[in-house]
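As structure tokens, the structure follows; a few thoughts come after it.
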Amino acid sequence: MLPLSHHIIQSLNQALKDLFGLENQKIELQPTRKEFKGSHTFVTFGIAKQAHQSPEQTAQKVGEFLLEKNLIQSFEVVKGFLNLTLPNNIWQKAFIQAFENEDFGKNEKKNEKILIEYCSPNTNKPIHLGHLRNIFLGWSLSQILEADGYDVQKCILVNDRGIHICKSMLAYQKYGNGETPENANMKGDHLIGKYYVLFSNLHKEYLDKQVEKGEITAEEAKKPTATSPILQEAQTMLQLWEKGDKAVLALWQKMNNWVLEGFKETYKNIGIGFDKWYYESNTYLLGKEIVAEGLEKGIFYQKEDKSIWIDLTAEKLDHKLVQRGDGTSVYITQDLGTADLKYTDFEMQKSIYVVGNEQDYHFKVLFAILKKFNRAYAQGSYHLSYGMVELPSGKMKSREGTVVDADDIINEMIRIAKGETAESGKLENLQKLGEQELNNIYEMIGIGAIKYFLLKVDAKKNMLFNPDESVEFEGDASPYIQYNHARIKTILRRAISENIIFDASTCKDYLDWHDSESDLLQNLLQFPNVIAEASKEYAPYLLTQFAYETAKMYSKFFHDCSIFQAPTPESRAFRLVLSALTGKVLKKTMFLLGINVPEMM
RNA sequence: GGCGACAUAGUUCAAUGGAUAGAAUAGAAGUUUCCUAAACUUUUGAUAUGAGUUCGAUUCUCAUUGUUGCUACCA
């Protein structure tokens, strides 16, 4: 939706009624393309037939009607497109309102509670670039929904139990030699990750030997059912864990804490957080209760080997295991429990799961089961499925060492930000800030760059990260936007230090705008609509586009219109007000993306 | 095998069924006595293939080719 659309649609409806006797028509209004004059374009193809006119004639007549009634400044007909130009004073009124509104960009309260689950890491290895996409999406989305008027709560589900956790535990138990994060001087999650890799290698080595000996075929070794003594040990350990074996639990507690400490450090560094932490180790028992309930109600069935299943062939989803033959729970078991617990805790209308698209099938099954149970929240449950981050060589695989580690890439980005700053010769101006402030700026730039990079692609799609090329710092990238914000702040500081007054009253007599002034102004007024759209579509990338467009328009304005050499005090005041609103909008937009902007850089 | 997703400049990404398919980057050429050159001008370059639906298709339908994900006791 364009700014001032409401006003125009009203006028168009009036025109269609008076000219052609048409009522309740769907008005197709688009932003006018840059190469044409005007801001709003009425597309007449749909109406023309009913008006018994050609699209051109329809557009012409409607244009003349609007002009005659003084509703527009001018119009232009191109084929069936009616391009409308509104008088500047209408724009100005909206502009000043936006400038004076501290909450510009906050939409009306919706009185609806949304719970967002995101991140959901496994506590057996450190987080990687794919997790970062998840985390930034979840965080940004919650900021956006909140700005759009929803009551938003954020939660994380820690996958801290299961066979994969036992794998790293077992490897540590066998070969750990009392290593700790302290004595190894490693973040806890990285240390545990080391043992997970070790387990994988031991398992793989065994299978390779079996293949060599001709005991099994290479095909069989690749199957998930391929087993090894060490894997069997891990399975035994999982059973002991579920039985509450003290030694196993103690080891588990110790290792989990190390990992969680590591995660928390990373979350702190990237400036994200959660309102509530759920642990699978707490919710899986709830899940088992639900399995028992389902068995009783006949929703599930039990095979002879005691494994429990659900038949979802009617939903075209096949049969699905919900509890293993040995009585231990699987992924979906605990998800059932967590779902119930979430509703008890929050009574939300909507429950969003930010989880990768490799789990599309899992969530179809989960929601289908919830519906069979007639859970009140089943209808409002939504899987926000995002695409994988791929490398030029394909999917990231921890076993093959092709994983881009989250902490590594973040540190790398900050390092580059520092280097670029030094290289650009900006250090002289920034020196007075002191080391602490400087480091803050490097972090804003570096972390901002990776956040923007991951958020600018439509979440639904897979995307590519090439480790050989650095994440961009120029063009459609976060530093460019931060740079424009810093530039604006510097100008405003100067204006204030020179005692130049700029506010609504001092700027309102200047209406003879340069094209780059009116383009920028009109663009800024779209902000609330962009938020509404991003919220409706769960699409943070719309805000990266808006931020970039805005920054680019400001750059153009900055180039075309001198502020301190402006021809009159009124035009100077207007340009300062325009700069101030741009700065505010850029800062708020970036805030919704989870990116901070510096006052200078 | 079954089910799903994707395919747009050299590369990475855009485009509620609408105008001459936009950006960024890379390539070519320019701009610093002038409010921050992480900037600004100019320029080269793309809808996998074949049908269909209609005033109009990158978008909807079908087929083909290619890439990728899931596929019953990993989470």
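Naming scheme: A, B, ... for chains in displayed order of the structure tokens; residues 1 onward per chain; ligands 1 onward as shown.
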Compute the set of chain A residues within 6 Å of chain B, using only C-alpha atoms (C1' of nucleotides), and express it as an NGL selection string. :A and (320 or 324 or 331 or 358 or 474-476 or 480 or 487)
Please, which residues of range 155-187 of chain A, numbered as in this document, come out strand (DSSP E) from DSSP, as JSON, numbers by chain? {"A": [155, 156, 157, 158]}
With only C-alpha atoms (C1' of nucleotides) as the counted atoms, please give the residues lying no more than 9 Å from Pro126 in chain A, apart from itself and same-chain residues fewer than 5 positions off, as a list in words. Pro121, Lys187, Gly188, Asp189, His190, Leu191, Ile192, Gly193, Val259, Gly262, Phe263, Asp405, Ala406 and Asp407 of chain A
Preceding selection exported with N, CA and C atoms as a compact mmCIF listing (two decimals), in the first residue's frame:
```
# COMPACT_ATOMS: atom_id res chain seq x y z
N PRO A 121 18.68 -24.98 19.10
CA PRO A 121 19.92 -25.69 18.77
C PRO A 121 20.01 -27.07 19.42
N LYS A 187 35.61 -22.41 23.92
CA LYS A 187 34.21 -22.22 24.26
C LYS A 187 33.59 -23.60 24.43
N GLY A 188 32.67 -23.73 25.40
CA GLY A 188 32.11 -25.04 25.72
C GLY A 188 31.47 -25.73 24.52
N ASP A 189 30.75 -24.97 23.70
CA ASP A 189 30.07 -25.60 22.56
C ASP A 189 31.08 -26.13 21.55
N HIS A 190 32.19 -25.43 21.41
CA HIS A 190 33.21 -25.91 20.47
C HIS A 190 33.88 -27.17 20.99
N LEU A 191 34.11 -27.19 22.31
CA LEU A 191 34.74 -28.37 22.91
C LEU A 191 33.86 -29.61 22.69
N ILE A 192 32.57 -29.49 22.97
CA ILE A 192 31.67 -30.63 22.81
C ILE A 192 31.57 -31.02 21.34
N GLY A 193 31.58 -30.01 20.50
CA GLY A 193 31.52 -30.28 19.05
C GLY A 193 32.67 -31.17 18.61
N VAL A 259 27.99 -26.35 26.95
CA VAL A 259 27.49 -25.94 25.64
C VAL A 259 26.60 -24.70 25.76
N GLY A 262 28.40 -21.55 26.19
CA GLY A 262 28.95 -21.12 24.89
C GLY A 262 27.89 -20.45 24.03
N PHE A 263 26.70 -21.06 23.97
CA PHE A 263 25.61 -20.48 23.19
C PHE A 263 25.25 -19.08 23.70
N ASP A 405 31.44 -21.92 10.82
CA ASP A 405 31.12 -21.73 12.24
C ASP A 405 30.65 -20.29 12.51
N ALA A 406 29.61 -20.19 13.34
CA ALA A 406 29.01 -18.88 13.61
C ALA A 406 30.00 -17.92 14.27
N ASP A 407 30.68 -18.39 15.31
CA ASP A 407 31.61 -17.51 16.01
C ASP A 407 32.75 -17.06 15.10
```
